[in-house]
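Containing PDB, C-alpha atoms: target_7.pdb.
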```pdb
ATOM      1  CA  MET A   1      24.496  39.413 -19.873
ATOM      2  CA  LYS A   2      26.192  36.265 -18.665
ATOM      3  CA  ALA A   3      24.065  36.268 -15.535
ATOM      4  CA  VAL A   4      20.901  36.597 -17.612
ATOM      5  CA  LEU A   5      21.978  33.719 -19.804
ATOM      6  CA  ALA A   6      22.791  31.571 -16.790
ATOM      7  CA  LEU A   7      19.397  32.385 -15.296
ATOM      8  CA  LEU A   8      17.630  31.547 -18.541
ATOM      9  CA  LEU A   9      19.492  28.235 -18.745
ATOM     10  CA  LEU A  10      18.473  27.455 -15.189
ATOM     11  CA  VAL A  11      14.840  28.332 -15.785
ATOM     12  CA  PHE A  12      14.580  26.314 -18.952
ATOM     13  CA  ALA A  13      16.653  23.382 -17.750
ATOM     14  CA  PHE A  14      15.069  20.028 -18.545
ATOM     15  CA  PRO A  15      15.807  16.823 -16.694
ATOM     16  CA  ALA A  16      18.307  14.842 -18.726
ATOM     17  CA  PHE A  17      16.677  11.820 -20.287
ATOM     18  CA  ALA A  18      18.740   8.974 -21.595
ATOM     19  CA  VAL A  19      16.288   8.368 -24.442
ATOM     20  CA  ASP A  20      18.302   8.584 -27.633
ATOM     21  CA  PRO A  21      16.765  10.479 -30.570
ATOM     22  CA  SER A  22      17.181   7.329 -32.661
ATOM     23  CA  GLU A  23      14.922   5.441 -30.256
ATOM     24  CA  VAL A  24      12.024   7.866 -30.522
ATOM     25  CA  LEU A  25       8.942   6.499 -32.259
ATOM     26  CA  PRO A  26       7.576   8.425 -35.250
ATOM     27  CA  ASN A  27       4.081   8.231 -33.766
ATOM     28  CA  PRO A  28       3.966  10.940 -31.042
ATOM     29  CA  ALA A  29       1.026   9.356 -29.203
ATOM     30  CA  LEU A  30       2.859   6.045 -28.889
ATOM     31  CA  GLU A  31       6.069   7.848 -27.895
ATOM     32  CA  THR A  32       4.217   9.687 -25.119
ATOM     33  CA  ARG A  33       2.920   6.372 -23.808
ATOM     34  CA  ALA A  34       6.404   4.869 -24.089
ATOM     35  CA  ARG A  35       7.813   7.743 -21.995
ATOM     36  CA  GLU A  36       5.131   7.292 -19.354
ATOM     37  CA  ILE A  37       5.833   3.581 -19.146
ATOM     38  CA  GLY A  38       9.586   4.166 -19.226
ATOM     39  CA  ARG A  39       9.373   6.474 -16.233
ATOM     40  CA  ALA A  40       7.570   3.796 -14.230
ATOM     41  CA  LEU A  41      10.001   0.980 -15.010
ATOM     42  CA  ARG A  42      13.118   0.502 -12.934
ATOM     43  CA  CYS A  43      16.489   0.027 -14.575
ATOM     44  CA  VAL A  44      17.508  -3.296 -13.042
ATOM     45  CA  VAL A  45      21.208  -2.504 -12.682
ATOM     46  CA  CYS A  46      20.842   1.028 -11.306
ATOM     47  CA  GLN A  47      19.963   2.315  -7.863
ATOM     48  CA  ASN A  48      16.404   3.548  -8.211
ATOM     49  CA  GLN A  49      16.659   5.054 -11.679
ATOM     50  CA  SER A  50      13.965   4.629 -14.278
ATOM     51  CA  ILE A  51      14.887   3.171 -17.640
ATOM     52  CA  ASP A  52      14.235   6.586 -19.192
ATOM     53  CA  ASP A  53      16.875   8.132 -16.935
ATOM     54  CA  SER A  54      19.495   5.448 -17.320
ATOM     55  CA  ASN A  55      22.243   4.985 -19.861
ATOM     56  CA  ALA A  56      22.776   1.349 -18.930
ATOM     57  CA  GLU A  57      22.792  -1.189 -21.750
ATOM     58  CA  VAL A  58      19.919  -3.135 -20.281
ATOM     59  CA  ALA A  59      17.860   0.049 -19.845
ATOM     60  CA  ARG A  60      18.328   0.797 -23.536
ATOM     61  CA  ASP A  61      17.136  -2.714 -24.402
ATOM     62  CA  MET A  62      14.118  -2.300 -22.136
ATOM     63  CA  ARG A  63      13.188   1.019 -23.753
ATOM     64  CA  ARG A  64      13.411  -0.608 -27.147
ATOM     65  CA  ALA A  65      11.277  -3.541 -25.987
ATOM     66  CA  VAL A  66       8.636  -1.157 -24.580
ATOM     67  CA  ARG A  67       8.412   0.598 -27.950
ATOM     68  CA  GLU A  68       8.277  -2.673 -29.854
ATOM     69  CA  ARG A  69       5.418  -3.912 -27.671
ATOM     70  CA  LEU A  70       3.507  -0.654 -28.147
ATOM     71  CA  VAL A  71       3.986  -0.725 -31.911
ATOM     72  CA  ALA A  72       2.783  -4.328 -31.877
ATOM     73  CA  GLY A  73      -0.479  -3.039 -30.362
ATOM     74  CA  ASP A  74      -0.052  -3.939 -26.677
ATOM     75  CA  ASN A  75      -1.852  -1.811 -24.109
ATOM     76  CA  ASP A  76       0.125  -0.331 -21.209
ATOM     77  CA  ALA A  77      -0.799  -3.131 -18.792
ATOM     78  CA  ALA A  78       0.454  -5.740 -21.259
ATOM     79  CA  VAL A  79       3.783  -3.920 -21.554
ATOM     80  CA  PHE A  80       4.169  -3.880 -17.764
ATOM     81  CA  ASP A  81       3.258  -7.586 -17.660
ATOM     82  CA  PHE A  82       5.912  -8.256 -20.305
ATOM     83  CA  MET A  83       8.574  -6.686 -18.095
ATOM     84  CA  VAL A  84       7.325  -8.267 -14.850
ATOM     85  CA  ALA A  85       7.435 -11.701 -16.513
ATOM     86  CA  ARG A  86      11.160 -11.152 -17.129
ATOM     87  CA  TYR A  87      12.343  -9.101 -14.160
ATOM     88  CA  GLY A  88       9.660  -9.566 -11.494
ATOM     89  CA  ASP A  89       7.880  -6.889  -9.463
ATOM     90  CA  TYR A  90      11.298  -5.340  -8.837
ATOM     91  CA  VAL A  91      11.071  -3.711 -12.241
ATOM     92  CA  LEU A  92       8.040  -1.637 -11.202
ATOM     93  CA  LEU A  93       8.918   1.669  -9.556
ATOM     94  CA  ASN A  94       5.381   1.710  -8.218
ATOM     95  CA  PRO A  95       5.165  -1.633  -6.417
ATOM     96  CA  PRO A  96       1.846  -3.523  -6.531
ATOM     97  CA  PHE A  97      -0.316  -3.960  -3.437
ATOM     98  CA  LYS A  98      -0.168  -7.608  -2.403
ATOM     99  CA  ALA A  99       0.653  -9.851   0.552
ATOM    100  CA  ARG A 100       4.418  -9.524   0.075
ATOM    101  CA  THR A 101       4.314  -5.728  -0.073
ATOM    102  CA  LEU A 102       1.847  -5.248   2.783
ATOM    103  CA  ILE A 103       4.512  -3.911   5.164
ATOM    104  CA  LEU A 104       5.767  -1.588   2.465
ATOM    105  CA  TRP A 105       2.365  -0.029   1.904
ATOM    106  CA  LEU A 106       0.870  -0.181   5.394
ATOM    107  CA  GLY A 107       4.028   0.119   7.510
ATOM    108  CA  ALA A 108       4.377   3.893   7.369
ATOM    109  CA  PRO A 109       0.663   4.698   7.981
ATOM    110  CA  LEU A 110       0.664   2.182  10.832
ATOM    111  CA  VAL A 111       3.673   3.822  12.514
ATOM    112  CA  LEU A 112       2.044   7.219  11.993
ATOM    113  CA  LEU A 113      -1.163   5.940  13.596
ATOM    114  CA  ILE A 114       0.659   4.481  16.603
ATOM    115  CA  ALA A 115       2.804   7.589  17.098
ATOM    116  CA  GLY A 116      -0.221   9.865  16.660
ATOM    117  CA  SER A 117      -2.349   8.054  19.226
ATOM    118  CA  ALA A 118       0.582   7.912  21.643
ATOM    119  CA  LEU A 119       1.054  11.671  21.329
ATOM    120  CA  LEU A 120      -2.677  12.273  21.749
ATOM    121  CA  LEU A 121      -2.794  10.111  24.858
ATOM    122  CA  ALA A 122       0.237  11.835  26.362
ATOM    123  CA  ALA A 123      -1.222  15.271  25.637
ATOM    124  CA  ARG A 124      -4.515  14.332  27.292
ATOM    125  CA  ARG A 125      -2.767  12.997  30.366
ATOM    126  CA  ARG A 126      -0.592  16.118  30.673
ATOM    127  CA  LYS A 127      -3.645  18.355  30.497
ATOM    128  CA  ALA A 128      -5.209  16.443  33.367
ATOM    129  CA  VAL A 129      -2.039  16.808  35.452
ATOM    130  CA  VAL A 130      -1.563  20.543  34.933
ATOM    131  CA  ALA A 131      -5.216  21.569  35.339
ATOM    132  CA  PRO A 132      -5.109  24.867  37.346
ATOM    133  CA  GLN A 133      -5.683  24.502  41.071
ATOM    134  CA  PRO A 134      -7.533  27.246  42.927
ATOM    135  CA  LEU A 135      -5.335  29.415  45.170
ATOM    136  CA  SER A 136      -5.230  28.548  48.806
ATOM    137  CA  ASP A 137      -6.340  31.180  51.352
ATOM    138  CA  GLU A 138      -2.718  31.883  52.245
ATOM    139  CA  GLU A 139      -1.786  32.412  48.581
ATOM    140  CA  GLN A 140      -4.828  34.616  47.965
ATOM    141  CA  ARG A 141      -3.891  36.830  50.882
ATOM    142  CA  ARG A 142      -0.295  37.134  49.641
ATOM    143  CA  LEU A 143      -1.454  37.955  46.141
ATOM    144  CA  ASP A 144      -3.817  40.621  47.432
ATOM    145  CA  SER A 145      -1.101  42.249  49.523
ATOM    146  CA  LEU A 146       1.286  42.233  46.567
ATOM    147  CA  LEU A 147      -1.275  43.810  44.268
ATOM    148  CA  LYS A 148      -2.119  46.489  46.803
ATOM    149  CA  GLY A 149       1.487  47.210  47.806
TER     150      GLY A 149
ATOM    151  CA  MET B   1       4.313   2.101  33.040
ATOM    152  CA  ARG B   2       6.697   5.080  33.397
ATOM    153  CA  ARG B   3       9.633   2.654  33.663
ATOM    154  CA  ALA B   4       8.555   0.799  30.550
ATOM    155  CA  ILE B   5       9.115   3.914  28.455
ATOM    156  CA  PHE B   6      12.832   3.845  29.283
ATOM    157  CA  ILE B   7      13.170   0.309  27.983
ATOM    158  CA  LEU B   8      11.957   1.349  24.530
ATOM    159  CA  PRO B   9      15.285   2.802  23.273
ATOM    160  CA  LEU B  10      17.104  -0.284  24.519
ATOM    161  CA  LEU B  11      14.556  -2.504  22.822
ATOM    162  CA  THR B  12      14.980  -0.577  19.575
ATOM    163  CA  LEU B  13      18.737  -0.910  19.841
ATOM    164  CA  ALA B  14      18.443  -4.635  20.464
ATOM    165  CA  LEU B  15      16.097  -5.059  17.487
ATOM    166  CA  MET B  16      18.434  -3.180  15.169
ATOM    167  CA  ALA B  17      21.529  -4.981  16.429
ATOM    168  CA  GLY B  18      19.740  -8.271  15.853
ATOM    169  CA  PHE B  19      18.818  -7.285  12.313
ATOM    170  CA  PHE B  20      22.358  -6.155  11.504
ATOM    171  CA  ALA B  21      23.862  -9.308  12.985
ATOM    172  CA  TRP B  22      21.472 -11.412  10.922
ATOM    173  CA  SER B  23      22.291  -9.410   7.783
ATOM    174  CA  LEU B  24      26.011  -9.944   8.311
ATOM    175  CA  THR B  25      25.826 -13.656   9.004
ATOM    176  CA  SER B  26      22.934 -14.952   6.887
ATOM    177  CA  GLY B  27      24.588 -14.161   3.568
ATOM    178  CA  ARG B  28      21.680 -11.930   2.608
ATOM    179  CA  ASP B  29      22.612  -9.692  -0.335
ATOM    180  CA  PRO B  30      20.612  -6.457  -0.214
ATOM    181  CA  ALA B  31      21.728  -5.653  -3.778
ATOM    182  CA  SER B  32      20.213  -8.883  -5.060
ATOM    183  CA  ILE B  33      17.203  -8.283  -7.258
ATOM    184  CA  GLY B  34      16.242 -11.940  -7.321
ATOM    185  CA  SER B  35      15.031 -13.826 -10.345
ATOM    186  CA  VAL B  36      11.565 -14.752 -11.507
ATOM    187  CA  MET B  37      12.989 -17.345 -13.877
ATOM    188  CA  VAL B  38      13.789 -20.005 -11.281
ATOM    189  CA  GLY B  39      11.190 -22.772 -11.277
ATOM    190  CA  ARG B  40       9.700 -21.706 -14.583
ATOM    191  CA  PRO B  41      10.196 -23.073 -18.097
ATOM    192  CA  ALA B  42      13.258 -21.544 -19.713
ATOM    193  CA  PRO B  43      12.564 -18.643 -22.085
ATOM    194  CA  LYS B  44      12.846 -19.346 -25.762
ATOM    195  CA  LEU B  45      16.204 -19.830 -27.380
ATOM    196  CA  ASP B  46      16.513 -18.915 -31.034
ATOM    197  CA  LEU B  47      19.965 -17.610 -31.842
ATOM    198  CA  ALA B  48      22.511 -17.701 -34.615
ATOM    199  CA  ALA B  49      25.592 -19.745 -33.760
ATOM    200  CA  LEU B  50      28.667 -17.819 -32.684
ATOM    201  CA  ARG B  51      31.098 -20.178 -34.396
ATOM    202  CA  GLU B  52      30.613 -20.182 -38.110
ATOM    203  CA  GLY B  53      29.276 -23.281 -39.777
ATOM    204  CA  GLU B  54      27.420 -24.501 -36.683
ATOM    205  CA  PRO B  55      23.641 -24.909 -36.516
ATOM    206  CA  ALA B  56      21.549 -22.216 -34.804
ATOM    207  CA  LEU B  57      20.634 -22.562 -31.125
ATOM    208  CA  THR B  58      17.069 -23.692 -30.461
ATOM    209  CA  ASP B  59      14.796 -24.660 -27.566
ATOM    210  CA  ALA B  60      15.569 -28.323 -28.248
ATOM    211  CA  LEU B  61      18.978 -27.837 -26.603
ATOM    212  CA  LEU B  62      17.223 -27.010 -23.331
ATOM    213  CA  LYS B  63      15.010 -30.107 -23.280
ATOM    214  CA  SER B  64      17.497 -32.796 -24.117
ATOM    215  CA  GLY B  65      16.809 -34.743 -20.918
ATOM    216  CA  LYS B  66      20.192 -33.619 -19.586
ATOM    217  CA  PRO B  67      20.744 -30.463 -17.544
ATOM    218  CA  VAL B  68      22.577 -27.634 -19.259
ATOM    219  CA  LEU B  69      24.249 -24.465 -18.103
ATOM    220  CA  VAL B  70      23.536 -21.287 -20.033
ATOM    221  CA  ASN B  71      26.200 -18.619 -19.605
ATOM    222  CA  PHE B  72      25.871 -15.090 -20.964
ATOM    223  CA  PHE B  73      29.281 -13.495 -21.455
ATOM    224  CA  ALA B  74      31.116 -10.807 -23.409
ATOM    225  CA  SER B  75      34.724 -10.230 -24.320
ATOM    226  CA  TRP B  76      34.516  -6.713 -22.867
ATOM    227  CA  CYS B  77      33.341  -8.010 -19.490
ATOM    228  CA  THR B  78      35.980  -8.271 -16.776
ATOM    229  CA  PRO B  79      34.090 -10.466 -14.268
ATOM    230  CA  CYS B  80      33.618 -12.923 -17.151
ATOM    231  CA  LEU B  81      37.383 -13.398 -17.155
ATOM    232  CA  ALA B  82      37.258 -14.305 -13.495
ATOM    233  CA  GLU B  83      34.635 -17.025 -13.860
ATOM    234  CA  HIS B  84      35.875 -18.453 -17.146
ATOM    235  CA  PRO B  85      38.285 -21.031 -15.662
ATOM    236  CA  LEU B  86      35.386 -22.465 -13.642
ATOM    237  CA  PHE B  87      33.425 -23.152 -16.806
ATOM    238  CA  THR B  88      36.466 -24.739 -18.385
ATOM    239  CA  ARG B  89      36.700 -27.021 -15.372
ATOM    240  CA  LEU B  90      32.976 -27.780 -15.391
ATOM    241  CA  ALA B  91      33.197 -28.826 -19.024
ATOM    242  CA  GLU B  92      36.427 -30.808 -18.800
ATOM    243  CA  ARG B  93      36.308 -32.379 -15.359
ATOM    244  CA  ASP B  94      32.582 -32.652 -14.707
ATOM    245  CA  GLY B  95      31.408 -33.145 -18.274
ATOM    246  CA  ALA B  96      28.809 -30.395 -18.008
ATOM    247  CA  THR B  97      27.028 -29.231 -21.148
ATOM    248  CA  ILE B  98      27.476 -25.465 -21.354
ATOM    249  CA  ILE B  99      25.785 -23.111 -23.780
ATOM    250  CA  GLY B 100      27.678 -19.841 -24.105
ATOM    251  CA  ILE B 101      25.897 -16.750 -25.372
ATOM    252  CA  ALA B 102      27.944 -13.726 -26.381
ATOM    253  CA  TRP B 103      25.880 -10.714 -25.288
ATOM    254  CA  LYS B 104      26.312  -7.381 -27.092
ATOM    255  CA  ASN B 105      29.590  -8.574 -28.415
ATOM    256  CA  LYS B 106      31.013  -8.483 -31.913
ATOM    257  CA  ARG B 107      31.442 -11.963 -33.314
ATOM    258  CA  ASP B 108      35.156 -11.554 -33.971
ATOM    259  CA  ASP B 109      35.834 -10.148 -30.508
ATOM    260  CA  ALA B 110      33.981 -12.988 -28.812
ATOM    261  CA  LEU B 111      35.718 -15.622 -30.923
ATOM    262  CA  LYS B 112      39.134 -14.088 -30.269
ATOM    263  CA  TRP B 113      38.391 -14.017 -26.539
ATOM    264  CA  LEU B 114      37.424 -17.705 -26.552
ATOM    265  CA  LYS B 115      40.497 -18.581 -28.588
ATOM    266  CA  ARG B 116      42.711 -16.847 -26.065
ATOM    267  CA  LEU B 117      41.091 -18.280 -22.922
ATOM    268  CA  GLY B 118      39.844 -21.621 -24.159
ATOM    269  CA  ASP B 119      36.347 -22.529 -25.281
ATOM    270  CA  PRO B 120      34.308 -24.588 -22.812
ATOM    271  CA  PHE B 121      31.036 -24.143 -24.716
ATOM    272  CA  LYS B 122      29.457 -27.120 -26.431
ATOM    273  CA  TYR B 123      27.076 -24.695 -28.136
ATOM    274  CA  ALA B 124      27.677 -20.994 -28.574
ATOM    275  CA  GLY B 125      25.259 -18.301 -29.693
ATOM    276  CA  LEU B 126      25.456 -14.635 -30.537
ATOM    277  CA  ASP B 127      23.025 -12.145 -28.992
ATOM    278  CA  LEU B 128      24.371  -8.978 -30.533
ATOM    279  CA  GLU B 129      21.335  -6.801 -29.748
ATOM    280  CA  GLY B 130      20.521  -8.256 -26.356
ATOM    281  CA  ARG B 131      17.031  -9.437 -27.327
ATOM    282  CA  THR B 132      17.515 -12.965 -26.026
ATOM    283  CA  GLY B 133      19.081 -11.504 -22.887
ATOM    284  CA  LEU B 134      15.946  -9.462 -22.256
ATOM    285  CA  ASP B 135      13.733 -12.539 -22.714
ATOM    286  CA  TRP B 136      15.848 -14.329 -20.125
ATOM    287  CA  GLY B 137      15.554 -11.467 -17.629
ATOM    288  CA  LEU B 138      19.233 -10.673 -17.961
ATOM    289  CA  SER B 139      20.507  -7.590 -16.145
ATOM    290  CA  GLY B 140      24.033  -7.687 -17.554
ATOM    291  CA  VAL B 141      26.968 -10.034 -18.019
ATOM    292  CA  PRO B 142      28.006 -12.422 -16.712
ATOM    293  CA  GLU B 143      24.885 -14.324 -15.737
ATOM    294  CA  THR B 144      24.421 -18.056 -15.596
ATOM    295  CA  TYR B 145      21.334 -20.271 -15.635
ATOM    296  CA  LEU B 146      21.009 -23.954 -14.935
ATOM    297  CA  VAL B 147      18.204 -25.566 -16.922
ATOM    298  CA  ASP B 148      17.205 -29.115 -16.036
ATOM    299  CA  GLY B 149      16.552 -31.823 -18.613
ATOM    300  CA  GLN B 150      12.853 -30.906 -18.828
ATOM    301  CA  GLY B 151      13.592 -27.297 -19.702
ATOM    302  CA  ILE B 152      12.855 -25.800 -16.270
ATOM    303  CA  VAL B 153      15.233 -23.136 -14.943
ATOM    304  CA  ARG B 154      16.652 -24.365 -11.622
ATOM    305  CA  LEU B 155      19.356 -21.816 -10.811
ATOM    306  CA  HIS B 156      20.050 -18.258 -11.864
ATOM    307  CA  PHE B 157      23.271 -16.481 -10.920
ATOM    308  CA  ARG B 158      23.589 -12.758 -11.486
ATOM    309  CA  GLY B 159      27.276 -11.885 -11.684
ATOM    310  CA  PRO B 160      30.238 -14.233 -11.909
ATOM    311  CA  ILE B 161      29.919 -17.702 -10.422
ATOM    312  CA  THR B 162      32.374 -18.604  -7.696
ATOM    313  CA  GLU B 163      34.089 -21.772  -6.564
ATOM    314  CA  ARG B 164      31.537 -21.946  -3.774
ATOM    315  CA  ASP B 165      28.571 -21.611  -6.157
ATOM    316  CA  LEU B 166      30.077 -24.382  -8.207
ATOM    317  CA  ASN B 167      30.600 -26.801  -5.336
ATOM    318  CA  GLU B 168      27.517 -26.047  -3.279
ATOM    319  CA  ARG B 169      24.877 -25.374  -5.885
ATOM    320  CA  ILE B 170      25.850 -26.115  -9.477
ATOM    321  CA  LEU B 171      27.405 -29.551  -9.073
ATOM    322  CA  PRO B 172      24.630 -30.897  -6.790
ATOM    323  CA  ALA B 173      22.015 -29.533  -9.181
ATOM    324  CA  LEU B 174      23.749 -31.081 -12.190
ATOM    325  CA  LYS B 175      23.787 -34.432 -10.425
ATOM    326  CA  GLY B 176      20.272 -34.112  -9.073
ATOM    327  CA  ALA B 177      18.726 -33.013 -12.346
ATOM    328  CA  LYS B 178      19.981 -36.044 -14.201
TER     329      LYS B 178
END
```
As a first step, turn the structure in this file into structure tokens.
Amino acid sequence: MKAVLALLLLVFAFPAFAVDPSEVLPNPALETRAREIGRALRCVVCQNQSIDDSNAEVARDMRRAVRERLVAGDNDAAVFDFMVARYGDYVLLNPPFKARTLILWLGAPLVLLIAGSALLLAARRRKAVVAPQPLSDEEQRRLDSLLKG
Amino acid sequence: MRRAIFILPLLTLALMAGFFAWSLTSGRDPASIGSVMVGRPAPKLDLAALREGEPALTDALLKSGKPVLVNFFASWCTPCLAEHPLFTRLAERDGATIIGIAWKNKRDDALKWLKRLGDPFKYAGLDLEGRTGLDWGLSGVPETYLVDGQGIVRLHFRGPITERDLNERILPALKGAK
């Protein structure tokens, strides 16, 4: 019985959100948007946590501000702009593609490309080196005698 | 060409060692999240006064033609204790104008704290809900901004200011911004 209960709890476990019931907007559509935005905004005092996941004071303030902007009629982009104007691109968990973040976005594919072509080149060269050589007369004779014997 | 391959690990090691050495000596703080406020007009200031009977804090305080320091603090904040004597000195010895803003702090607690430690703030505001803090891009307390006489943010310190910050950055900026 206990095992079943434990299993059920595991199966139906939800990620713990820091969003307080008192913060939730009465309008479910707006609340859904607020959650989506909240998951994409970084809590500025945490290590890589979204404001929805964080219990930090500033994260709570940011969640409230997101909801206030949405209620005021802002679209999602305007809410993100509101936060970037205060905390910079750092606040975005999905960093924008621009000159400063070029290495961030293109670094990994570039390394993959270099490593891939290096591997390909090496493989091609190895194939050329180990291409089978025909047996010499001496070897052929020895092979024949072995097979017969 | 075959030889060159063996130099690669050494080269990698040298690159990494160089990066680490630079990180250790350049004063780079990887935990720093920077500030977008520096170089921009200061966010709006519209706060009730912390000390009763005083006028509310407004934008006019930031554009007086004289540089001001804006310090967010709280009585529950331990690093604020550490930096407090520096603000006292800035106010008394250097004649700096300091605006103190109690962040997420009950009025009585903040007032008691200032009474106990001394009050270096020419103006003091109360940001109980942290709305002004958010507008200023605050991540927590303590944080300190230097706003020049034209209302442009010149410095932004996240965390307590130190003796070194005071001597190398705040004092020169206070003199330069006049």
Q. Looking at all atoms listed in the file, which of B:Ala173, B:Val153, B:Leu15, B:Cys77 is the one that sits closest to B:Gly39?
A. B:Val153
Q: Translate the PyMOL selection byres ((chain A) within 7 of (chain B)), as applied to the file shown, into an explicit residue set as a PyMOL selection string.
A: chain A and resi 44-45+58+61+86-88+90
Q | Test item: which residues lie within 7 Å of (26.7, -15.9, -21.9) counting only C-alpha atoms, as an MDAnalysis selection string | A | chainID B and resid 70:74 100:103 142:143
Q) Which residues fall under the PyMOL selection byres ((chain A and resi 24-34) around 9) in this file, as a PyMOL selection string? A) chain A and resi 19-23+35-39+63+66-67+70-71+76
Q. If you count all atoms listed in the file, which residues fall within 7 Å of B:Lys106, apart from same-chain ones fewer than 3 positions away, as a PyMOL selection string?
A. chain B and resi 109-110+128
Q. Which one of B:Leu81, B:Asp148, B:Arg3, B:Asp46 sits closest to B:Leu114 if you count all atoms listed in the file?
A. B:Leu81
If I only have part of stretch 63-74 of chain A, can you fill in N, CA and C atoms and write it as a short mmCIF file (atom, residue, chain, number, x, y, z; two decimals), in the coordinates of the input?
```
data_model
loop_
_atom_site.label_atom_id
_atom_site.label_comp_id
_atom_site.auth_asym_id
_atom_site.auth_seq_id
_atom_site.Cartn_x
_atom_site.Cartn_y
_atom_site.Cartn_z
N ARG A 63 13.91 -0.05 -23.05
CA ARG A 63 13.19 1.02 -23.75
C ARG A 63 12.79 0.56 -25.15
N ARG A 64 13.71 -0.12 -25.80
CA ARG A 64 13.41 -0.61 -27.15
C ARG A 64 12.26 -1.62 -27.10
N ALA A 65 12.32 -2.52 -26.10
CA ALA A 65 11.28 -3.54 -25.99
C ALA A 65 9.92 -2.90 -25.73
N VAL A 66 9.90 -1.86 -24.86
CA VAL A 66 8.64 -1.16 -24.58
C VAL A 66 8.05 -0.62 -25.88
N ARG A 67 8.90 0.01 -26.69
CA ARG A 67 8.41 0.60 -27.95
C ARG A 67 7.96 -0.48 -28.92
N GLU A 68 8.68 -1.58 -28.94
CA GLU A 68 8.28 -2.67 -29.85
C GLU A 68 6.93 -3.25 -29.44
N ARG A 69 6.70 -3.38 -28.14
CA ARG A 69 5.42 -3.91 -27.67
C ARG A 69 4.29 -2.94 -28.03
N LEU A 70 4.54 -1.65 -27.85
CA LEU A 70 3.51 -0.65 -28.15
C LEU A 70 3.17 -0.65 -29.64
N VAL A 71 4.21 -0.70 -30.47
CA VAL A 71 3.99 -0.72 -31.91
C VAL A 71 3.21 -1.98 -32.30
N ALA A 72 3.48 -3.08 -31.58
CA ALA A 72 2.78 -4.33 -31.88
C ALA A 72 1.33 -4.28 -31.42
N GLY A 73 0.93 -3.20 -30.73
CA GLY A 73 -0.48 -3.04 -30.36
C GLY A 73 -0.80 -3.39 -28.92
N ASP A 74 0.21 -3.63 -28.08
CA ASP A 74 -0.05 -3.94 -26.68
C ASP A 74 -0.60 -2.71 -25.95
#
```
